[in-house]
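Engineer: Enclosed is the structure file model37.csv (CSV, C-alpha atoms).
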chain,number,residue,atom,x,y,z
A,1,MET,CA,-14.1,18.8,15.3
A,2,ARG,CA,-14.1,20.4,18.7
A,3,GLU,CA,-16.3,19.1,21.4
A,4,GLN,CA,-15.8,21.8,24.0
A,5,LEU,CA,-16.2,25.6,24.2
A,6,ASP,CA,-14.4,27.9,26.6
A,7,GLN,CA,-16.2,30.2,28.9
A,8,THR,CA,-15.5,33.3,26.8
A,9,GLU,CA,-17.2,31.7,23.8
A,10,ILE,CA,-20.2,30.7,25.8
A,11,ASP,CA,-20.4,34.3,27.2
A,12,ASP,CA,-20.1,35.7,23.7
A,13,PHE,CA,-23.1,33.6,22.6
A,14,HIS,CA,-25.3,34.7,25.4
A,15,ARG,CA,-24.4,38.3,25.1
A,16,ASP,CA,-24.4,38.7,21.4
A,17,GLY,CA,-26.8,36.0,20.3
A,18,PHE,CA,-24.1,34.3,18.2
A,19,VAL,CA,-20.6,33.0,18.4
A,20,LEU,CA,-18.2,32.5,15.5
A,21,LEU,CA,-15.8,29.5,16.0
A,22,ARG,CA,-12.9,29.7,13.6
A,23,GLY,CA,-11.5,26.3,12.4
A,24,PHE,CA,-14.1,24.3,14.3
A,25,TYR,CA,-14.1,21.5,11.8
A,26,ASP,CA,-11.2,19.4,10.5
A,27,VAL,CA,-11.3,20.5,6.8
A,28,ASP,CA,-9.6,17.5,5.4
A,29,ALA,CA,-11.5,14.9,7.4
A,30,GLU,CA,-14.9,16.5,7.7
A,31,ILE,CA,-15.4,19.1,4.9
A,32,ARG,CA,-13.5,17.7,1.9
A,33,PRO,CA,-15.6,14.5,1.7
A,34,ILE,CA,-18.8,16.6,1.5
A,35,GLN,CA,-17.4,18.8,-1.2
A,36,ALA,CA,-16.2,15.8,-3.1
A,37,ALA,CA,-19.6,14.2,-3.0
A,38,ILE,CA,-21.3,17.4,-4.2
A,39,ALA,CA,-18.9,17.4,-7.2
A,40,GLU,CA,-19.9,13.8,-8.0
A,41,ILE,CA,-23.6,14.6,-7.8
A,42,ILE,CA,-23.2,17.7,-10.0
A,43,ALA,CA,-21.4,15.5,-12.5
A,44,LEU,CA,-24.1,12.8,-12.4
A,45,VAL,CA,-26.8,15.4,-13.0
A,46,ARG,CA,-24.9,16.9,-15.9
A,47,ALA,CA,-24.2,13.5,-17.5
A,48,SER,CA,-27.8,12.4,-17.2
A,49,HIS,CA,-28.8,15.4,-19.2
A,50,GLY,CA,-26.2,15.1,-21.9
A,51,LEU,CA,-23.9,17.9,-20.6
A,52,PRO,CA,-20.1,17.5,-20.7
A,53,VAL,CA,-18.4,16.6,-17.4
A,54,ALA,CA,-15.0,17.8,-16.4
A,55,ALA,CA,-13.3,17.1,-13.0
A,56,PRO,CA,-12.5,20.2,-10.9
A,57,ASP,CA,-8.9,21.1,-10.6
A,58,SER,CA,-9.2,20.7,-6.8
A,59,VAL,CA,-11.9,19.6,-4.4
A,60,ALA,CA,-12.3,23.2,-3.2
A,61,HIS,CA,-13.7,24.0,-6.6
A,62,PHE,CA,-16.2,21.2,-6.4
A,63,ASP,CA,-19.0,23.4,-8.0
A,64,HIS,CA,-17.0,24.6,-11.0
A,65,GLN,CA,-19.7,23.3,-13.5
A,66,PHE,CA,-22.7,24.2,-11.4
A,67,ALA,CA,-23.3,27.7,-12.8
A,68,ASP,CA,-23.3,26.3,-16.3
A,69,LEU,CA,-25.8,23.6,-15.2
A,70,ILE,CA,-28.4,26.0,-13.9
A,71,ALA,CA,-27.8,28.3,-16.9
A,72,HIS,CA,-28.8,25.3,-19.0
A,73,ASP,CA,-31.9,24.5,-16.9
A,74,ARG,CA,-32.5,26.2,-13.5
A,75,ARG,CA,-34.6,23.3,-12.4
A,76,LEU,CA,-31.6,21.1,-12.3
A,77,GLY,CA,-30.3,23.2,-9.5
A,78,GLY,CA,-33.2,22.0,-7.4
A,79,VAL,CA,-32.3,18.4,-8.2
A,80,VAL,CA,-28.8,19.0,-6.8
A,81,TYR,CA,-30.2,20.9,-3.8
A,82,ASP,CA,-32.4,18.0,-2.8
A,83,ALA,CA,-29.7,15.5,-3.4
A,84,VAL,CA,-26.8,17.0,-1.5
A,85,LYS,CA,-28.6,17.0,1.9
A,86,GLN,CA,-28.5,13.2,1.7
A,87,ILE,CA,-24.7,12.9,1.6
A,88,PRO,CA,-23.7,10.6,4.5
A,89,ALA,CA,-20.6,12.7,5.4
A,90,PHE,CA,-22.9,15.7,5.8
A,91,VAL,CA,-25.5,13.8,7.9
A,92,ARG,CA,-22.7,12.5,10.1
A,93,LEU,CA,-21.6,16.1,10.7
A,94,VAL,CA,-25.2,17.1,11.6
A,95,CYS,CA,-25.5,14.3,14.1
A,96,SER,CA,-22.0,14.5,15.5
A,97,THR,CA,-21.2,14.2,19.1
A,98,GLY,CA,-19.4,17.6,18.8
A,99,HIS,CA,-22.5,19.4,17.7
A,100,GLU,CA,-24.5,17.9,20.6
A,101,ALA,CA,-21.8,18.6,23.2
A,102,VAL,CA,-21.4,22.2,22.2
A,103,PHE,CA,-25.2,22.8,22.1
A,104,ARG,CA,-25.6,21.2,25.5
A,105,GLN,CA,-22.9,23.5,26.9
A,106,LEU,CA,-24.6,26.6,25.4
A,107,ARG,CA,-28.1,25.7,26.6
A,108,LYS,CA,-27.2,23.9,29.8
A,109,THR,CA,-29.3,20.9,28.9
A,110,ASP,CA,-28.8,17.2,29.1
A,111,LEU,CA,-31.4,16.6,26.4
A,112,ALA,CA,-30.7,18.0,22.9
A,113,GLY,CA,-32.7,17.4,19.7
A,114,ILE,CA,-32.0,17.8,16.0
A,115,ALA,CA,-34.8,19.5,14.1
A,116,GLY,CA,-36.2,17.1,11.6
A,117,GLY,CA,-36.3,18.9,8.2
A,118,GLY,CA,-34.1,21.6,9.7
A,119,TYR,CA,-30.8,20.6,8.2
A,120,GLY,CA,-29.5,20.9,4.7
A,121,ILE,CA,-27.1,22.6,2.3
A,122,ARG,CA,-28.1,26.0,1.0
A,123,ILE,CA,-27.2,27.1,-2.5
A,124,ASP,CA,-27.6,30.9,-2.8
A,125,ASN,CA,-27.1,31.7,-6.5
A,126,PRO,CA,-25.9,35.1,-7.7
A,127,GLY,CA,-28.7,37.6,-8.2
A,128,GLU,CA,-31.5,35.4,-7.0
A,129,GLU,CA,-34.0,37.0,-4.6
A,130,ARG,CA,-36.7,34.4,-4.4
A,131,PHE,CA,-34.9,32.1,-2.0
A,132,ARG,CA,-32.9,34.7,-0.1
A,133,ALA,CA,-33.7,34.9,3.6
A,134,ASP,CA,-34.6,38.4,4.6
A,135,TRP,CA,-34.2,39.6,8.2
A,136,HIS,CA,-35.8,37.0,10.5
A,137,GLN,CA,-35.7,35.0,13.6
A,138,GLU,CA,-35.2,31.3,13.3
A,139,TYR,CA,-38.0,30.2,15.7
A,140,PRO,CA,-41.1,31.1,13.6
A,141,ALA,CA,-39.7,29.2,10.6
A,142,GLN,CA,-38.5,26.2,12.7
A,143,LEU,CA,-40.5,26.1,16.0
A,144,ARG,CA,-39.3,23.0,18.0
A,145,SER,CA,-38.2,25.1,21.0
A,146,LEU,CA,-37.3,28.6,22.0
A,147,ASP,CA,-34.0,27.2,23.2
A,148,GLY,CA,-32.7,26.5,19.7
A,149,ALA,CA,-29.6,27.3,17.8
A,150,VAL,CA,-28.6,27.4,14.1
A,151,PHE,CA,-25.3,25.8,13.2
A,152,TRP,CA,-24.1,27.5,10.0
A,153,SER,CA,-20.9,26.7,8.1
A,154,PRO,CA,-19.7,27.7,4.7
A,155,LEU,CA,-18.5,25.2,2.0
A,156,VAL,CA,-16.8,27.9,0.0
A,157,SER,CA,-14.8,31.0,1.2
A,158,ILE,CA,-17.4,33.8,1.8
A,159,GLU,CA,-16.1,37.1,0.5
A,160,ALA,CA,-18.0,40.4,0.8
A,161,ASP,CA,-19.5,40.1,-2.7
A,162,MET,CA,-21.0,36.7,-2.0
A,163,GLY,CA,-23.3,38.1,0.6
A,164,PRO,CA,-22.2,36.9,4.0
A,165,VAL,CA,-24.7,36.2,6.8
A,166,ARG,CA,-25.7,39.5,8.4
A,167,VAL,CA,-26.4,39.4,12.2
A,168,CYS,CA,-27.9,42.0,14.5
A,169,VAL,CA,-25.7,41.8,17.6
A,170,GLY,CA,-27.6,41.3,20.8
A,171,SER,CA,-31.0,41.2,19.2
A,172,GLN,CA,-32.0,37.9,20.8
A,173,ALA,CA,-32.6,39.9,24.0
A,174,GLU,CA,-35.7,41.5,22.5
A,175,GLY,CA,-37.6,38.1,22.5
A,176,LEU,CA,-40.1,37.0,19.9
A,177,VAL,CA,-40.9,39.6,17.2
A,178,PRO,CA,-44.2,39.8,15.3
A,179,VAL,CA,-44.0,39.1,11.6
A,180,LEU,CA,-45.8,39.7,8.3
A,181,THR,CA,-46.5,36.4,6.6
A,182,ARG,CA,-46.1,37.7,3.1
A,183,ASP,CA,-43.3,39.9,1.7
A,184,PRO,CA,-45.2,42.8,-0.1
A,185,ASP,CA,-42.1,43.6,-2.2
A,186,HIS,CA,-41.6,40.0,-3.3
A,187,PRO,CA,-45.0,38.2,-3.4
A,188,ASP,CA,-43.4,35.2,-5.1
A,189,LYS,CA,-41.7,34.3,-1.9
A,190,ALA,CA,-43.5,31.6,0.0
A,191,GLY,CA,-43.4,29.8,3.4
A,192,ALA,CA,-40.6,30.8,5.6
A,193,TYR,CA,-39.0,32.9,2.8
A,194,GLY,CA,-42.1,35.1,2.8
A,195,LEU,CA,-41.8,36.0,6.5
A,196,ILE,CA,-41.0,39.7,7.1
A,197,LEU,CA,-40.3,41.3,10.5
A,198,SER,CA,-42.9,43.8,11.7
A,199,ASP,CA,-41.3,47.3,11.6
A,200,ARG,CA,-38.3,45.6,10.0
A,201,ALA,CA,-36.1,48.7,9.3
A,202,ALA,CA,-36.6,50.2,12.7
A,203,ARG,CA,-35.9,47.0,14.5
A,204,VAL,CA,-32.7,46.2,12.6
A,205,ALA,CA,-31.5,49.8,13.1
A,206,ARG,CA,-31.5,49.3,16.8
A,207,TYR,CA,-28.6,47.0,16.8
A,208,PRO,CA,-25.0,47.0,15.5
A,209,GLU,CA,-24.7,44.7,12.5
A,210,LEU,CA,-21.9,42.3,11.6
A,211,ALA,CA,-21.4,40.3,8.4
A,212,PRO,CA,-18.3,38.1,9.1
A,213,LEU,CA,-16.3,36.7,6.3
A,214,THR,CA,-15.9,32.9,6.8
A,215,HIS,CA,-14.0,30.0,5.3
A,216,PRO,CA,-14.6,26.2,5.2
A,217,GLY,CA,-14.1,24.8,8.7
A,218,ASP,CA,-15.6,27.8,10.4
A,219,LEU,CA,-18.8,27.5,12.4
A,220,LEU,CA,-21.3,30.3,13.2
A,221,ILE,CA,-23.8,29.4,15.9
A,222,MET,CA,-26.9,31.7,16.3
A,223,ASP,CA,-29.6,31.8,18.9
A,224,PHE,CA,-33.1,31.0,17.5
A,225,LEU,CA,-34.2,34.6,18.4
A,226,THR,CA,-31.2,36.5,16.9
A,227,LEU,CA,-32.2,38.7,14.0
A,228,HIS,CA,-30.2,37.7,10.9
A,229,ALA,CA,-30.4,37.7,7.1
A,230,SER,CA,-28.8,36.3,4.0
A,231,GLY,CA,-26.7,38.8,2.2
A,232,HIS,CA,-27.1,39.6,-1.5
A,233,ASN,CA,-24.8,37.4,-3.6
A,234,THR,CA,-23.4,39.7,-6.3
A,235,SER,CA,-20.5,37.5,-7.2
A,236,ARG,CA,-20.3,35.0,-10.0
A,237,ARG,CA,-20.2,31.9,-7.7
A,238,SER,CA,-23.1,30.3,-5.8
A,239,ARG,CA,-22.8,30.6,-2.0
A,240,TRP,CA,-22.8,27.0,-0.6
A,241,SER,CA,-23.3,26.6,3.1
A,242,MET,CA,-24.4,23.9,5.6
A,243,GLN,CA,-27.2,24.4,8.2
A,244,SER,CA,-28.5,22.4,11.1
A,245,ARG,CA,-30.8,23.3,14.0
A,246,LEU,CA,-30.6,21.9,17.5
A,247,PHE,CA,-33.0,22.5,20.3
A,248,ASN,CA,-33.5,21.9,24.0
A,249,PHE,CA,-36.3,19.3,24.6
A,250,ARG,CA,-36.7,20.7,28.2
A,251,GLU,CA,-37.7,24.2,27.3
A,252,PRO,CA,-41.3,24.9,28.4
A,253,THR,CA,-42.7,26.4,25.1
A,254,GLY,CA,-41.4,23.5,23.1
A,255,VAL,CA,-42.9,21.0,25.5
A,256,SER,CA,-46.2,22.9,25.3
A,257,HIS,CA,-46.6,22.4,21.6
A,258,ALA,CA,-44.9,18.9,21.6
A,259,TRP,CA,-41.8,20.2,19.8
A,260,ARG,CA,-43.7,20.6,16.5
A,261,GLY,CA,-41.8,21.8,13.5
A,262,SER,CA,-42.9,24.7,11.3
A,263,TYR,CA,-42.9,25.1,7.5
A,264,ALA,CA,-40.6,22.2,6.7
A,265,ALA,CA,-42.9,19.9,8.8
A,266,GLY,CA,-46.0,21.2,7.0
A,267,THR,CA,-47.1,23.3,10.0
A,268,ASP,CA,-48.1,27.0,9.7
A,269,PHE,CA,-46.6,28.5,12.8
A,270,THR,CA,-49.4,31.1,13.0
A,271,THR,CA,-51.7,28.3,14.2
A,272,ILE,CA,-49.4,27.8,17.2
A,273,HIS,CA,-48.4,31.5,17.8
A,274,PRO,CA,-51.3,33.6,16.4
A,275,GLU,CA,-50.1,36.4,18.7
A,276,LEU,CA,-47.0,36.8,16.4
A,277,VAL,CA,-49.0,37.6,13.3
A,278,ALA,CA,-48.8,41.3,12.4
A,279,ASP,CA,-50.5,41.2,9.0
Could I get this structure in the form of structure tokens?

Structural biologist:
Amino acid sequence: MREQLDQTEIDDFHRDGFVLLRGFYDVDAEIRPIQAAIAEIIALVRASHGLPVAAPDSVAHFDHQFADLIAHDRRLGGVVYDAVKQIPAFVRLVCSTGHEAVFRQLRKTDLAGIAGGGYGIRIDNPGEERFRADWHQEYPAQLRSLDGAVFWSPLVSIEADMGPVRVCVGSQAEGLVPVLTRDPDHPDKAGAYGLILSDRAARVARYPELAPLTHPGDLLIMDFLTLHASGHNTSRRSRWSMQSRLFNFREPTGVSHAWRGSYAAGTDFTTIHPELVAD
């Protein structure tokens, strides 16, 4: 893992609201152990429910029996989802000195924090809308501090049909955007998934959009205020990715509300920022 950015990468982050770092992680040392542990967890869940278990032909195909598992019982996907975020190799990556060093560079701070409840491994299954993240900023869903950043990295190669992350380039400069707290088109979405940008279509249309294709080892870092969304997964494989959120303890807004978390911490952000509610 790298522990230093060059000035061009720092400038890109502040101009565009994100920076994509190719080959940031050592795949063999840092990514393969996470994939291998996920394969073992899937196998344990399958075996505990009387389903046959077969080893993948390579660790890169760690999820080869996951689609069959959720076809058998979708709820078992939730069991896997809750379990994989507790893999030690993943938690070590979240808390790595490399993550902290890079964030401190980007935010020019000596005091970085890791958002509790703000790290995990997403599993975006083909054709599922309920847990797909629509266009949003990270801050309302996470709080902690306005000086925050999302560290996003894929565990599988993300091709166009898997729905890569979509980013509005330069949108962080707009500042905080009001939101609707319920998605009228998808009322089953709850919490952070239900947040919808006010005047969404018009806001998104103001900016050029990128949806970079990425591979294990790559790292995408996004500003907490950058507009971004999960793409639609129309492939036959789930989109597995890692997320963690870091924040600057010294940022004044975070200090003012004691670095409180949002939905994952059981807090409704509208009680802290009622001015952002557009319902």

Engineer: So the first atom is atom CA of A:Trp259 and the second is atom CA of A:Ile123; what is the distance between them in Å, to one decimal place?

Structural biologist: 27.5 Å

Engineer: Give the answer as one residue: which of A:Arg237, A:Lys108, A:His232, A:His186 has the shortest atom-to-atom distance to A:Leu155, using all atoms listed in the file?

Structural biologist: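 The closest residue to A:Leu155 is A:Arg237.
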
Engineer: Can you tell me how far atom CA of A:His228 sits from atom CA of A:Trp135, in Å to one decimal?

Structural biologist: 5.2 Å

Engineer: Work out how far apart atom CA of A:Val94 and atom CA of A:Leu246 are and give it in Å to one decimal.

Structural biologist: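 Taking atom CA of A:Val94 and atom CA of A:Leu246, their separation equals 9.3 Å.
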
Engineer: With the cut-off set at 10 Å and counting only C-alpha atoms, tabulate each residue of stretch 3-75 of chain A with an atom at most that distance from an atom of stretch 158-167 of chain A, showing the nearest atom pair and its distance in Å to one decimal, ordered by chain and increasing number, as a Markdown table.

Structural biologist:
| residue | atom | partner | partner_atom | distance |
| --- | --- | --- | --- | --- |
| A:Asp16 | CA | A:Val167 | CA | 9.4 |
| A:Gly17 | CA | A:Val167 | CA | 8.8 |
| A:Phe18 | CA | A:Val167 | CA | 8.2 |

Engineer: Leaving out A:Val277 and any residue of its chain fewer than 4 positions from it, which residues lie within 10 Å of it when counting all atoms listed in the file, given as a short mmCIF file (atom, residue, chain, number, x, y, z; two decimals) with C-alpha atoms, in the frame of the given file?

Structural biologist:
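Contents of selection01.cif, freshly written:
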data_model
loop_
_atom_site.label_atom_id
_atom_site.label_comp_id
_atom_site.auth_asym_id
_atom_site.auth_seq_id
_atom_site.Cartn_x
_atom_site.Cartn_y
_atom_site.Cartn_z
CA VAL A 177 -40.90 39.60 17.20
CA PRO A 178 -44.20 39.80 15.30
CA VAL A 179 -44.00 39.10 11.60
CA LEU A 180 -45.80 39.70 8.30
CA THR A 181 -46.50 36.40 6.60
CA LEU A 197 -40.30 41.30 10.50
CA SER A 198 -42.90 43.80 11.70
CA PHE A 269 -46.60 28.50 12.80
CA THR A 270 -49.40 31.10 13.00
CA THR A 271 -51.70 28.30 14.20
CA HIS A 273 -48.40 31.50 17.80
#

Engineer: Near A:Ala101, counting only C-alpha atoms, which residues have an atom at most 7 Å away, once you skip same-chain residues fewer than 3 positions from it, shown as a PyMOL selection string?

Structural biologist: chain A and resi 3-4+97-98+104-105

Engineer: Using all atoms listed in the file, which protein or nucleic acid residues come within 12 Å of A:Ser48? Drop anything in the same chain fewer than 5 positions from it, and give the result as a list in words.

Structural biologist: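 Residues near the query, excluding close chain neighbours: Ile41, Ile42, Ala43, Val53, Leu69, Leu76 and Val79 of chain A.
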
Engineer: When you count all atoms listed in the file, which of these residues is closest to A:His64: A:Leu195, A:Leu44, A:Ala39, A:Ala258?

Structural biologist: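 Closest residue, counting all atoms listed in the file: A:Ala39.
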